[in-house]
file coords07.txt (compact mmCIF, C-alpha atoms and all ligand atoms)
# COMPACT_ATOMS: atom_id res chain seq x y z
CA MET A 1132 19.27 6.42 36.54
CA ASN A 1133 19.52 5.34 32.94
CA LYS A 1134 21.18 8.24 31.10
CA GLN A 1135 19.67 7.12 27.82
CA VAL A 1136 16.19 7.77 29.24
CA ILE A 1137 16.81 11.07 31.00
CA TYR A 1138 18.98 12.63 28.28
CA TYR A 1139 17.56 15.28 26.00
CA PRO A 1140 19.43 17.84 23.90
CA GLU A 1141 18.73 20.75 26.25
CA ASP A 1142 20.67 23.43 24.38
CA ALA A 1143 19.00 22.54 21.12
CA VAL A 1144 15.56 22.52 22.74
CA LEU A 1145 16.21 25.97 24.21
CA ARG A 1146 17.33 27.30 20.81
CA ALA A 1147 14.39 25.66 19.08
CA VAL A 1148 11.68 27.04 21.37
CA LYS A 1149 12.98 30.55 20.69
CA GLN A 1150 12.54 30.07 16.94
CA PHE A 1151 9.58 27.73 16.47
CA GLU A 1152 6.02 27.68 17.63
CA THR A 1153 5.37 24.91 20.17
CA PRO A 1154 4.45 22.12 20.24
CA PHE A 1155 6.76 20.27 17.86
CA PHE A 1156 8.70 17.05 17.55
CA LEU A 1157 12.47 17.34 17.61
CA TYR A 1158 14.52 14.48 16.18
CA ASP A 1159 18.22 14.10 16.87
CA GLU A 1160 20.09 12.98 13.74
CA ALA A 1161 23.24 12.01 15.65
CA ARG A 1162 21.31 9.65 17.92
CA LEU A 1163 19.41 8.20 14.98
CA ARG A 1164 22.59 7.38 13.06
CA GLU A 1165 24.21 5.96 16.19
CA ASN A 1166 21.24 3.64 16.79
CA CYS A 1167 21.34 2.41 13.18
CA ARG A 1168 25.09 1.75 13.39
CA ASN A 1169 24.93 0.01 16.76
CA PHE A 1170 22.14 -2.26 15.61
CA LYS A 1171 23.89 -3.23 12.40
CA LYS A 1172 27.24 -3.66 14.08
CA ALA A 1173 25.91 -6.01 16.78
CA PHE A 1174 24.45 -8.44 14.25
CA SER A 1175 26.96 -8.05 11.40
CA ARG A 1176 29.74 -9.19 13.73
CA HIS A 1177 28.13 -12.65 13.89
CA PHE A 1178 26.23 -12.63 10.59
CA PRO A 1179 28.39 -11.07 7.85
CA ASN A 1180 25.46 -10.94 5.40
CA PHE A 1181 22.99 -9.57 7.93
CA TRP A 1182 20.12 -7.72 6.20
CA PRO A 1183 18.57 -4.98 8.38
CA LEU A 1184 15.19 -3.46 7.59
CA TYR A 1185 13.52 -0.58 9.36
CA ALA A 1186 9.82 -0.82 10.29
CA VAL A 1187 8.38 2.24 8.55
CA LYS A 1188 5.28 2.29 10.78
CA ALA A 1189 7.37 3.50 13.73
CA ASN A 1190 8.22 6.84 12.09
CA SER A 1191 7.51 7.34 8.43
CA ASN A 1192 8.80 10.87 7.89
CA PRO A 1193 10.70 10.61 4.57
CA GLU A 1194 13.67 12.64 5.86
CA ILE A 1195 14.05 10.13 8.68
CA LEU A 1196 13.67 7.23 6.24
CA LYS A 1197 16.38 8.71 4.00
CA ILE A 1198 18.87 8.82 6.87
CA ILE A 1199 18.05 5.24 7.84
CA ALA A 1200 18.49 4.12 4.21
CA GLU A 1201 21.84 5.93 4.10
CA GLU A 1202 22.85 3.86 7.11
CA GLY A 1203 22.28 0.70 5.08
CA PHE A 1204 18.76 -0.32 6.05
CA ASP A 1205 16.01 -1.37 3.67
CA PHE A 1206 12.37 -1.25 4.72
CA ASP A 1207 9.62 -3.27 6.33
CA ALA A 1208 6.38 -1.85 4.94
CA SER A 1209 2.94 -2.81 6.20
CA SER A 1210 0.57 -0.84 3.97
CA PRO A 1211 0.37 0.58 0.45
CA SER A 1212 1.15 4.10 1.62
CA GLU A 1213 4.31 2.90 3.35
CA VAL A 1214 5.28 1.20 0.09
CA TRP A 1215 4.53 4.40 -1.80
CA ILE A 1216 6.59 6.69 0.41
CA THR A 1217 9.62 4.39 0.44
CA ARG A 1218 9.48 4.08 -3.36
CA LYS A 1219 9.77 7.85 -3.57
CA LEU A 1220 13.10 7.80 -1.73
CA GLY A 1221 15.19 6.29 -4.48
CA LYS A 1222 15.66 3.60 -7.08
CA THR A 1223 15.65 -0.07 -6.11
CA GLU A 1224 19.37 -0.30 -6.97
CA ASP A 1225 20.07 2.29 -4.27
CA PHE A 1226 18.94 -0.08 -1.56
CA ALA A 1227 21.24 -2.37 0.34
CA MET A 1228 20.12 -5.67 -1.15
CA SER A 1229 18.79 -4.39 -4.49
CA SER A 1230 15.37 -5.06 -3.11
CA ILE A 1231 13.51 -2.41 -1.22
CA GLY A 1232 12.62 -4.74 1.60
CA MET A 1233 9.79 -6.89 2.80
CA PHE A 1234 6.06 -6.26 2.82
CA THR A 1235 4.40 -7.66 5.93
CA GLY A 1236 0.77 -6.76 6.12
CA ASN A 1237 -2.09 -8.75 7.54
CA TYR A 1238 -5.60 -9.41 6.20
CA ASN A 1239 -4.57 -7.71 2.95
CA PRO A 1240 -6.58 -8.02 -0.25
CA ALA A 1241 -4.75 -9.22 -3.37
CA SER A 1242 -4.67 -5.64 -4.70
CA GLU A 1243 -2.42 -4.54 -1.82
CA LEU A 1244 -0.09 -7.49 -2.30
CA LYS A 1245 0.15 -6.67 -6.00
CA TYR A 1246 0.96 -3.05 -5.25
CA ALA A 1247 3.81 -4.05 -2.94
CA LYS A 1248 5.10 -6.71 -5.32
CA ASP A 1249 5.11 -4.34 -8.29
CA ALA A 1250 7.04 -1.82 -6.19
CA GLY A 1251 9.82 -4.38 -5.68
CA TYR A 1252 8.94 -5.63 -2.20
CA LEU A 1253 9.41 -9.24 -1.22
CA LEU A 1254 6.00 -10.47 -0.06
CA ASN A 1255 5.63 -11.98 3.38
CA LEU A 1256 2.23 -13.65 3.64
CA ASP A 1257 0.43 -13.67 6.97
CA ASP A 1258 -1.87 -16.63 6.44
CA ILE A 1259 -2.44 -19.75 4.40
CA SER A 1260 -5.67 -18.20 3.08
CA MET A 1261 -3.61 -15.53 1.32
CA ILE A 1262 -1.57 -18.02 -0.70
CA PRO A 1263 -4.16 -18.49 -3.49
CA MET A 1264 -4.00 -14.71 -4.08
CA LEU A 1265 -0.59 -15.30 -5.65
CA GLN A 1266 -2.34 -16.88 -8.67
CA GLU A 1267 -4.29 -13.68 -9.10
CA ILE A 1268 -1.34 -11.30 -8.86
CA GLY A 1269 1.31 -13.50 -10.49
CA VAL A 1270 3.44 -15.98 -8.57
CA SER A 1271 6.79 -14.51 -7.48
CA GLU A 1272 9.98 -16.51 -7.56
CA PHE A 1273 10.66 -15.62 -3.91
CA ILE A 1274 8.04 -15.71 -1.12
CA SER A 1275 8.27 -15.42 2.62
CA LEU A 1276 5.65 -16.66 5.09
CA ARG A 1277 4.98 -15.26 8.54
CA ILE A 1278 4.84 -17.99 11.15
CA ASN A 1279 3.21 -17.69 14.55
CA PRO A 1280 5.64 -19.69 16.69
CA GLY A 1281 3.02 -20.11 19.42
CA VAL A 1282 4.53 -17.78 22.02
CA GLY A 1283 5.06 -14.05 22.18
CA LYS A 1284 6.09 -11.37 24.66
CA ALA A 1285 5.64 -7.62 25.04
CA THR A 1286 5.50 -4.97 27.75
CA ILE A 1287 1.84 -4.28 26.92
CA GLU A 1288 -0.60 -7.16 26.40
CA SER A 1289 -2.00 -5.79 23.10
CA ASN A 1290 1.52 -5.80 21.67
CA VAL A 1291 1.94 -9.57 22.02
CA PHE A 1292 1.92 -10.67 18.39
CA ALA A 1293 2.20 -14.45 18.61
CA GLY A 1294 0.47 -17.24 20.47
CA PRO A 1295 -3.17 -18.33 20.30
CA ASN A 1296 -4.73 -14.88 20.85
CA ALA A 1297 -2.66 -13.11 18.22
CA LYS A 1298 -4.28 -12.33 14.89
CA TYR A 1299 -0.97 -12.72 13.05
CA GLY A 1300 0.92 -15.45 11.30
CA ILE A 1301 0.48 -19.04 10.18
CA PRO A 1302 0.21 -21.43 13.15
CA PHE A 1303 3.49 -23.33 13.17
CA GLU A 1304 1.62 -26.65 12.90
CA GLN A 1305 0.41 -25.50 9.44
CA ALA A 1306 3.81 -24.28 8.27
CA ALA A 1307 4.84 -27.34 6.24
CA GLN A 1308 1.47 -27.41 4.48
CA ALA A 1309 1.80 -23.70 3.62
CA TYR A 1310 5.30 -24.10 2.14
CA ALA A 1311 4.17 -27.12 0.14
CA MET A 1312 1.36 -24.97 -1.29
CA VAL A 1313 3.66 -22.17 -2.44
CA ARG A 1314 6.21 -24.66 -3.77
CA ASP A 1315 3.50 -26.36 -5.82
CA MET A 1316 2.52 -22.99 -7.26
CA GLY A 1317 6.04 -22.56 -8.66
CA VAL A 1318 7.77 -20.52 -5.96
CA LYS A 1319 11.51 -21.35 -6.02
CA ARG A 1320 12.99 -19.39 -3.13
CA PHE A 1321 11.63 -19.21 0.41
CA GLY A 1322 11.80 -16.97 3.45
CA ILE A 1323 10.39 -17.34 6.94
CA HIS A 1324 9.35 -14.50 9.24
CA MET A 1325 8.17 -14.01 12.78
CA MET A 1326 7.19 -10.98 14.82
CA THR A 1327 6.29 -12.14 18.27
CA GLY A 1328 5.80 -8.88 20.14
CA SER A 1329 6.67 -5.21 20.29
CA ASN A 1330 8.83 -3.73 23.06
CA VAL A 1331 9.83 -7.15 24.38
CA PRO A 1332 10.82 -6.47 28.00
CA ILE A 1333 14.51 -5.70 28.34
CA GLY A 1334 14.96 -8.22 31.15
CA GLU A 1335 14.12 -11.06 28.73
CA LYS A 1336 17.75 -11.58 27.80
CA ASN A 1337 17.33 -15.05 26.32
CA TYR A 1338 14.04 -14.40 24.58
CA PHE A 1339 15.27 -13.74 21.05
CA GLY A 1340 17.73 -16.66 21.10
CA ASP A 1341 15.02 -19.01 22.44
CA ILE A 1342 12.43 -17.95 19.92
CA ILE A 1343 14.89 -18.31 17.03
CA LYS A 1344 15.63 -21.84 18.23
CA LYS A 1345 11.94 -22.57 17.98
CA LEU A 1346 11.69 -21.03 14.53
CA LEU A 1347 14.67 -23.06 13.32
CA GLU A 1348 12.90 -26.19 14.56
CA VAL A 1349 10.02 -25.18 12.31
CA VAL A 1350 12.50 -24.63 9.45
CA ALA A 1351 13.83 -28.18 9.98
CA ASP A 1352 10.31 -29.61 10.06
CA ILE A 1353 9.43 -27.84 6.81
CA LYS A 1354 12.55 -29.24 5.15
CA GLU A 1355 11.84 -32.74 6.35
CA LYS A 1356 8.21 -32.75 5.30
CA THR A 1357 8.43 -30.80 2.02
CA GLY A 1358 12.07 -30.63 0.95
CA VAL A 1359 11.78 -26.82 0.97
CA GLU A 1360 14.98 -25.08 2.14
CA ILE A 1361 14.50 -21.72 3.80
CA GLU A 1362 16.97 -19.17 2.48
CA LEU A 1363 15.98 -16.10 4.50
CA LEU A 1364 14.99 -15.84 8.17
CA ASN A 1365 13.48 -12.57 9.35
CA MET A 1366 13.39 -12.38 13.14
CA GLY A 1367 11.07 -9.33 13.10
CA GLY A 1368 11.32 -6.28 15.33
CA GLY A 1369 10.18 -5.77 18.89
CA PHE A 1370 13.51 -4.93 20.54
CA GLY A 1371 12.54 -3.07 23.71
CA VAL A 1372 13.77 0.35 24.77
CA PRO A 1373 13.80 1.73 28.31
CA TYR A 1374 11.03 4.26 28.95
CA ARG A 1375 11.57 4.65 32.70
CA PRO A 1376 14.79 6.02 34.24
CA GLU A 1377 15.15 2.91 36.40
CA GLU A 1378 15.08 0.54 33.40
CA ASP A 1379 18.28 -0.77 31.83
CA SER A 1380 19.02 -0.53 28.13
CA LEU A 1381 18.93 -3.63 25.99
CA ASN A 1382 22.32 -5.14 25.30
CA MET A 1383 22.13 -5.75 21.56
CA GLU A 1384 25.54 -7.43 21.51
CA GLU A 1385 24.23 -10.06 23.93
CA ILE A 1386 21.09 -10.60 21.87
CA ALA A 1387 23.06 -10.99 18.64
CA LEU A 1388 25.33 -13.50 20.35
CA SER A 1389 22.36 -15.51 21.63
CA VAL A 1390 20.93 -15.58 18.11
CA ARG A 1391 24.32 -16.72 16.77
CA LYS A 1392 24.35 -19.57 19.32
CA ALA A 1393 20.80 -20.57 18.39
CA PHE A 1394 21.79 -20.70 14.70
CA ASP A 1395 24.92 -22.77 15.43
CA GLU A 1396 23.07 -25.22 17.63
CA GLN A 1397 20.04 -25.76 15.44
CA CYS A 1398 21.78 -25.77 12.05
CA GLU A 1399 24.14 -28.43 13.34
CA LYS A 1400 21.41 -30.45 15.08
CA TYR A 1401 19.12 -30.54 12.04
CA GLY A 1402 21.74 -30.39 9.29
CA LEU A 1403 20.39 -27.10 7.94
CA LYS A 1404 22.10 -24.78 5.52
CA GLU A 1405 22.24 -21.51 7.45
CA PRO A 1406 19.52 -19.08 6.36
CA HIS A 1407 20.38 -15.45 5.75
CA LEU A 1408 19.38 -13.42 8.87
CA MET A 1409 17.17 -10.33 8.69
CA ALA A 1410 15.59 -8.15 11.39
CA GLU A 1411 13.18 -5.22 11.23
CA PRO A 1412 13.35 -3.00 14.30
CA GLY A 1413 11.28 0.18 14.51
CA ARG A 1414 11.31 1.48 18.08
CA TRP A 1415 14.95 0.59 18.81
CA ILE A 1416 16.06 2.76 15.89
CA THR A 1417 13.88 5.82 16.33
CA ALA A 1418 12.26 5.99 19.83
CA ASP A 1419 14.98 7.73 21.80
CA MET A 1420 16.00 10.13 19.03
CA GLY A 1421 12.65 11.97 19.33
CA PHE A 1422 11.21 14.48 21.81
CA LEU A 1423 7.82 16.15 21.91
CA VAL A 1424 8.47 19.74 22.98
CA SER A 1425 5.54 21.68 24.39
CA ARG A 1426 4.73 24.69 26.54
CA VAL A 1427 2.61 25.05 29.67
CA ASP A 1428 -0.62 26.96 28.92
CA VAL A 1429 -2.76 26.45 32.03
CA ILE A 1430 -2.23 25.21 35.56
CA LYS A 1431 -5.21 23.82 37.41
CA ASP A 1432 -4.96 23.25 41.13
CA GLY A 1433 -8.13 21.29 41.94
CA TYR A 1434 -8.53 17.85 43.47
CA LYS A 1435 -5.13 17.26 41.91
CA LYS A 1436 -2.69 19.55 40.20
CA PHE A 1437 -2.89 19.42 36.39
CA VAL A 1438 -0.35 21.09 34.15
CA GLY A 1439 -2.06 21.80 30.81
CA ILE A 1440 0.26 21.87 27.83
CA ASP A 1441 -0.16 22.79 24.17
CA ALA A 1442 0.43 19.21 22.97
CA SER A 1443 -2.22 16.54 23.47
CA SER A 1444 -2.67 12.81 23.13
CA ASN A 1445 -3.55 13.32 19.46
CA ASP A 1446 0.14 14.20 18.97
CA MET A 1447 1.38 11.17 20.86
CA PRO A 1448 -1.33 8.68 21.80
CA ARG A 1449 0.74 5.99 23.57
CA PRO A 1450 -0.17 7.06 27.16
CA SER A 1451 -3.87 7.33 26.27
CA ILE A 1452 -4.03 4.03 24.36
CA TYR A 1453 -1.75 1.85 26.45
CA GLY A 1454 -1.26 3.77 29.67
CA ALA A 1455 2.37 3.91 28.52
CA TYR A 1456 4.93 5.76 30.61
CA HIS A 1457 7.07 8.45 28.93
CA HIS A 1458 9.73 10.32 30.84
CA VAL A 1459 9.11 14.08 31.17
CA SER A 1460 11.58 16.93 31.69
CA VAL A 1461 10.66 20.47 32.67
CA ILE A 1462 12.60 23.54 31.60
CA GLN A 1463 11.63 26.42 33.80
CA ALA A 1464 11.29 29.55 31.71
CA ARG A 1465 11.31 32.13 34.49
CA GLU A 1466 14.20 34.46 35.13
CA SER A 1467 14.87 32.83 38.48
CA SER A 1468 13.87 29.21 38.26
CA GLY A 1469 12.75 27.65 41.50
CA GLY A 1470 9.86 26.26 43.48
CA LYS A 1471 9.69 22.86 45.11
CA PRO A 1472 9.23 19.74 42.99
CA GLU A 1473 5.61 18.65 43.12
CA THR A 1474 3.35 15.82 42.03
CA VAL A 1475 1.37 16.77 38.95
CA SER A 1476 -0.33 15.26 35.92
CA ILE A 1477 0.41 16.59 32.44
CA ALA A 1478 -2.83 17.15 30.54
CA GLY A 1479 -3.58 17.87 26.91
CA LYS A 1480 -6.64 19.58 25.45
CA ILE A 1481 -8.63 16.61 24.15
CA CYS A 1482 -12.05 15.90 25.69
CA GLU A 1483 -11.03 12.47 26.93
CA ASN A 1484 -9.86 11.91 30.46
CA ASN A 1485 -7.08 9.63 29.26
CA ASP A 1486 -5.51 12.63 27.54
CA GLN A 1487 -2.90 12.76 30.30
CA LEU A 1488 0.59 12.42 28.93
CA ALA A 1489 1.97 11.76 32.41
CA GLN A 1490 0.07 10.99 35.59
CA ASP A 1491 0.99 11.76 39.18
CA ARG A 1492 4.58 12.50 38.36
CA GLU A 1493 7.02 14.30 40.61
CA LEU A 1494 8.34 17.15 38.47
CA LEU A 1495 10.05 20.50 38.90
CA HIS A 1496 7.55 23.17 39.88
CA CYS A 1497 5.81 24.36 36.67
CA GLU A 1498 4.40 27.71 35.72
CA VAL A 1499 2.68 28.96 32.58
CA GLY A 1500 5.26 29.38 29.81
CA ASP A 1501 7.60 26.61 31.05
CA ILE A 1502 8.74 24.01 28.54
CA ILE A 1503 7.75 20.37 28.91
CA VAL A 1504 9.83 17.82 27.02
CA ILE A 1505 8.36 14.35 26.56
CA HIS A 1506 11.00 11.72 25.87
CA ASN A 1507 11.05 8.65 23.62
CA CYS A 1508 8.76 10.26 21.06
CA GLY A 1509 10.59 9.25 17.89
CA ALA A 1510 8.78 5.92 17.36
CA HIS A 1511 5.09 5.03 17.40
CA ALA A 1512 4.44 8.67 18.30
CA TYR A 1513 3.68 11.05 15.41
CA SER A 1514 2.88 8.01 13.29
CA MET A 1515 0.05 7.06 15.68
CA GLY A 1516 -1.29 10.61 15.94
CA HIS A 1517 -4.85 11.62 15.03
CA ASN A 1518 -7.17 14.58 14.72
CA TYR A 1519 -9.89 13.93 17.30
CA ASN A 1520 -11.60 17.09 18.57
CA GLY A 1521 -10.43 18.75 15.36
CA ARG A 1522 -6.97 19.05 16.87
CA LEU A 1523 -4.21 19.64 14.37
CA ARG A 1524 -0.99 17.70 14.30
CA HIS A 1525 2.24 19.57 14.72
CA ALA A 1526 5.54 20.19 13.02
CA GLU A 1527 8.62 17.97 13.01
CA TYR A 1528 12.18 19.34 13.11
CA LEU A 1529 15.43 17.55 12.64
CA LEU A 1530 18.43 18.56 14.73
CA ARG A 1531 21.25 18.09 12.26
CA ILE A 1532 24.67 16.87 13.33
CA ASP A 1533 26.09 20.40 12.79
CA GLY A 1534 23.55 21.79 15.27
CA SER A 1535 21.27 23.39 12.68
CA PHE A 1536 17.54 22.65 12.43
CA ALA A 1537 15.67 21.42 9.38
CA LYS A 1538 11.90 21.65 9.28
CA ILE A 1539 10.90 18.24 7.98
CA ARG A 1540 7.13 18.58 8.33
CA ARG A 1541 5.00 21.66 8.80
CA ALA A 1542 2.12 21.83 11.25
CA GLU A 1543 -1.33 21.05 9.88
CA THR A 1544 -3.80 23.82 9.09
CA PHE A 1545 -7.60 23.86 9.32
CA GLU A 1546 -7.61 23.55 5.53
CA ASP A 1547 -5.57 20.32 5.77
CA LEU A 1548 -8.15 18.93 8.14
CA TYR A 1549 -10.96 19.54 5.64
CA ALA A 1550 -8.96 18.92 2.47
CA THR A 1551 -10.85 15.71 1.69
CA ILE A 1552 -14.33 17.24 1.82
CA LEU A 1553 -15.81 17.43 -1.66
CA SER A 1554 -18.21 20.36 -1.40
N1 LIG A 1601 7.67 -5.75 12.06
C1 LIG A 1601 6.34 -5.95 12.11
C2 LIG A 1601 5.73 -6.93 11.21
C3 LIG A 1601 5.56 -5.20 13.01
O1 LIG A 1601 4.24 -5.40 13.06
C4 LIG A 1601 6.18 -4.25 13.85
C5 LIG A 1601 5.39 -3.48 14.80
C6 LIG A 1601 7.58 -4.07 13.75
C7 LIG A 1601 8.29 -4.84 12.85
C8 LIG A 1601 8.33 -3.08 14.58
O2 LIG A 1601 8.19 -3.28 15.94
P1 LIG A 1601 9.13 -2.47 16.98
O3 LIG A 1601 10.55 -2.87 16.70
O4 LIG A 1601 8.91 -1.02 16.72
O5 LIG A 1601 8.64 -2.92 18.30
N2 LIG A 1601 2.18 1.06 18.42
C9 LIG A 1601 2.78 0.20 19.44
C10 LIG A 1601 3.67 -0.83 18.82
C11 LIG A 1601 2.93 -1.66 17.81
C12 LIG A 1601 3.92 -2.22 16.86
C13 LIG A 1601 3.24 -2.81 15.71
N3 LIG A 1601 4.13 -3.56 14.88
C14 LIG A 1601 3.47 1.06 20.48
O6 LIG A 1601 3.36 2.27 20.45
O7 LIG A 1601 4.11 0.52 21.40
call {"tool": "encode", "arguments": {"input": "coords07.txt", "output": "structure tokens", "more": "lines below"}}
Ligand code: LLP
result
Amino acid sequence: MNKQVIYYPEDAVLRAVKQFETPFFLYDEARLRENCRNFKKAFSRHFPNFWPLYAVKANSNPEILKIIAEEGFDFDASSPSEVWITRKLGKTEDFAMSSIGMFTGNYNPASELKYAKDAGYLLNLDDISMIPMLQEIGVSEFISLRINPGVGKATIESNVFAGPNAKYGIPFEQAAQAYAMVRDMGVKRFGIHMMTGSNVPIGEKNYFGDIIKKLLEVVADIKEKTGVEIELLNMGGGFGVPYRPEEDSLNMEEIALSVRKAFDEQCEKYGLKEPHLMAEPGRWITADMGFLVSRVDVIKDGYKKFVGIDASSNDMPRPSIYGAYHHVSVIQARESSGGKPETVSIAGKICENNDQLAQDRELLHCEVGDIIVIHNCGAHAYSMGHNYNGRLRHAEYLLRIDGSFAKIRRAETFEDLYATILS
């Protein structure tokens, strides 16, 4: 049993359900800060100038972003609204590297690149076809390019972000040509980026080291063919977290060491000046700090037993989109808890049969009014939510280190849902 997966702050959940209407997301500040520190520490040990970014798409609540910035992270933004919200958090000088981070979109029009550039983001271009846009928006001194190193890995096929079927990045065979193009436009400083998959399986211990080796080969090839020296290497995000109790946790120390070895080997082999290392995790920082807390409304004992809760897949779509597994805990609300564990599916209220947040799971016997806690809901959870069936999205609370709660987002209202209608 992996304690990291089965843990939830039970006392805080019990206090919270007495005070707040369910469902809601509960985020644990202590865990969030610990994740930030552990990530930074693992890499900074081997790379003293390590530059960590946080992938805003994973959880973009500004109170969460503020904590992550306090822990010394800048941001990886992928859209204008992510740029906008991070700009509201503070002045550029407040950020770790006096830049606010890197903008990595894909298929962006020039207007979006300009917006990010004007906000102080370092642009990371996804394709050779985007390079001419720099003329239109003004050539920056510093540009990064996203390379597709030809291979990628993820737990879910649609989260493989490199290789021939991925829509992202410049094929590595075109890399030298792309850097020559930006150099000829007047760019003076260069970065390289890859993002090869999200939630890379934890068992793939050598994956990050191996892929960095490949990227450094590309760096050497670029230098040889164009004379361009890469100053910044962003290894992307994608660090997997355990979702199932039987899965191990990723050993970040081991990964950082394998990246260190890859740098030593390749820089020596190709005579490269060592680039400055960056990474941009999302899930690893926020997934396990978040819980979706809901209450049982209806129990249906038909062909199968369904436990209907007040949260639905519009709050947390990962099971409905990917068939993803999230661990579930039950808190029995009755005076005398009891009943035999049983196999049930946890259903939401959306008119889609994939609105089942857990399927055929052996859980403590549930009755109406019991509390269902869904784990690993701090990343790619609220941020992927939607309003199908006119369902509203719910509140977010932060469990502060002193045990108090802060409401960091209210629940939506019907008026919010129709706020964009003009008549
Ligand atoms: N950097 C870039 C350029 C990305 O596209 C992503 C994720 C990240 C960093 C952060 O990846 P992470 O460390 O969180 O794996 N919605 C899916 C994941 C899609 C991730 C998209 N890009 C899910 O729920 O599993």
call {"tool": "residues_near_ligand", "arguments": {"input": "coords07.txt", "ligand": "ligand LIG 1601 (chain A)", "cutoff": "8 Å", "atoms": "all atoms listed in the file", "output": "PDB file with C-alpha atoms, in the coordinates of the input"}}
result
ATOM      1  CA  TYR A1185      13.520  -0.580   9.360  1.00  0.00           C
ATOM      2  CA  ALA A1186       9.820  -0.820  10.290  1.00  0.00           C
ATOM      3  CA  LYS A1188       5.280   2.290  10.780  1.00  0.00           C
ATOM      4  CA  ALA A1189       7.370   3.500  13.730  1.00  0.00           C
ATOM      5  CA  ASP A1207       9.620  -3.270   6.330  1.00  0.00           C
ATOM      6  CA  SER A1209       2.940  -2.810   6.200  1.00  0.00           C
ATOM      7  CA  THR A1235       4.400  -7.660   5.930  1.00  0.00           C
ATOM      8  CA  GLY A1236       0.770  -6.760   6.120  1.00  0.00           C
ATOM      9  CA  ILE A1287       1.840  -4.280  26.920  1.00  0.00           C
ATOM     10  CA  ASN A1290       1.520  -5.800  21.670  1.00  0.00           C
ATOM     11  CA  PHE A1292       1.920 -10.670  18.390  1.00  0.00           C
ATOM     12  CA  MET A1325       8.170 -14.010  12.780  1.00  0.00           C
ATOM     13  CA  MET A1326       7.190 -10.980  14.820  1.00  0.00           C
ATOM     14  CA  GLY A1328       5.800  -8.880  20.140  1.00  0.00           C
ATOM     15  CA  SER A1329       6.670  -5.210  20.290  1.00  0.00           C
ATOM     16  CA  ASN A1330       8.830  -3.730  23.060  1.00  0.00           C
ATOM     17  CA  VAL A1331       9.830  -7.150  24.380  1.00  0.00           C
ATOM     18  CA  GLY A1367      11.070  -9.330  13.100  1.00  0.00           C
ATOM     19  CA  GLY A1368      11.320  -6.280  15.330  1.00  0.00           C
ATOM     20  CA  GLY A1369      10.180  -5.770  18.890  1.00  0.00           C
ATOM     21  CA  PHE A1370      13.510  -4.930  20.540  1.00  0.00           C
ATOM     22  CA  GLY A1371      12.540  -3.070  23.710  1.00  0.00           C
ATOM     23  CA  GLU A1411      13.180  -5.220  11.230  1.00  0.00           C
ATOM     24  CA  PRO A1412      13.350  -3.000  14.300  1.00  0.00           C
ATOM     25  CA  GLY A1413      11.280   0.180  14.510  1.00  0.00           C
ATOM     26  CA  ARG A1414      11.310   1.480  18.080  1.00  0.00           C
ATOM     27  CA  TRP A1415      14.950   0.590  18.810  1.00  0.00           C
ATOM     28  CA  ILE A1416      16.060   2.760  15.890  1.00  0.00           C
ATOM     29  CA  ARG A1449       0.740   5.990  23.570  1.00  0.00           C
ATOM     30  CA  TYR A1453      -1.750   1.850  26.450  1.00  0.00           C
ATOM     31  CA  ALA A1510       8.780   5.920  17.360  1.00  0.00           C
ATOM     32  CA  HIS A1511       5.090   5.030  17.400  1.00  0.00           C
ATOM     33  CA  ALA A1512       4.440   8.670  18.300  1.00  0.00           C
ATOM     34  CA  MET A1515       0.050   7.060  15.680  1.00  0.00           C
TER      35      MET A1515
END
call {"tool": "residues_around", "arguments": {"input": "coords07.txt", "residues": "segment 1522-1525 of chain A", "least_positions_apart": "5", "cutoff": "8 Å", "atoms": "only C-alpha atoms", "output": "PDB file with C-alpha atoms, in the coordinates of the input"}}
result
ATOM      1  CA  PRO A1154       4.450  22.120  20.240  1.00  0.00           C
ATOM      2  CA  PHE A1155       6.760  20.270  17.860  1.00  0.00           C
ATOM      3  CA  PHE A1156       8.700  17.050  17.550  1.00  0.00           C
ATOM      4  CA  ASN A1445      -3.550  13.320  19.460  1.00  0.00           C
ATOM      5  CA  ASP A1446       0.140  14.200  18.970  1.00  0.00           C
ATOM      6  CA  ILE A1481      -8.630  16.610  24.150  1.00  0.00           C
ATOM      7  CA  GLY A1516      -1.290  10.610  15.940  1.00  0.00           C
ATOM      8  CA  HIS A1517      -4.850  11.620  15.030  1.00  0.00           C
ATOM      9  CA  ARG A1541       5.000  21.660   8.800  1.00  0.00           C
ATOM     10  CA  ALA A1542       2.120  21.830  11.250  1.00  0.00           C
ATOM     11  CA  GLU A1543      -1.330  21.050   9.880  1.00  0.00           C
ATOM     12  CA  THR A1544      -3.800  23.820   9.090  1.00  0.00           C
ATOM     13  CA  PHE A1545      -7.600  23.860   9.320  1.00  0.00           C
ATOM     14  CA  LEU A1548      -8.150  18.930   8.140  1.00  0.00           C
TER      15      LEU A1548
END
call {"tool": "residues_near_point", "arguments": {"input": "coords07.txt", "point": "(8.9, 29.6, 29.1)", "cutoff": "8 Å", "atoms": "only C-alpha atoms", "output": "ChimeraX atom specification"}}
result
/A:1426-1427,1462-1465,1499-1502
call {"tool": "closest_atom_pairs", "arguments": {"input": "coords07.txt", "of": "segment 1256-1344 of chain A", "to": "segment 1377-1395 of chain A", "cutoff": "8 Å", "atoms": "all atoms listed in the file", "output": "tab-separated table"}}
result
residue	atom	partner	partner_atom	distance
A:Ile1333	CA	A:Leu1381	CA	5.4
A:Gly1334	CA	A:Leu1381	CA	8.0
A:Lys1336	CA	A:Ile1386	CA	6.9
A:Asn1337	CA	A:Ser1389	CA	6.9
A:Phe1339	CA	A:Val1390	CA	6.6
A:Gly1340	CA	A:Val1390	CA	4.5
A:Asp1341	CA	A:Ala1393	CA	7.2
A:Ile1343	CA	A:Ala1393	CA	6.5
A:Lys1344	CA	A:Ala1393	CA	5.3
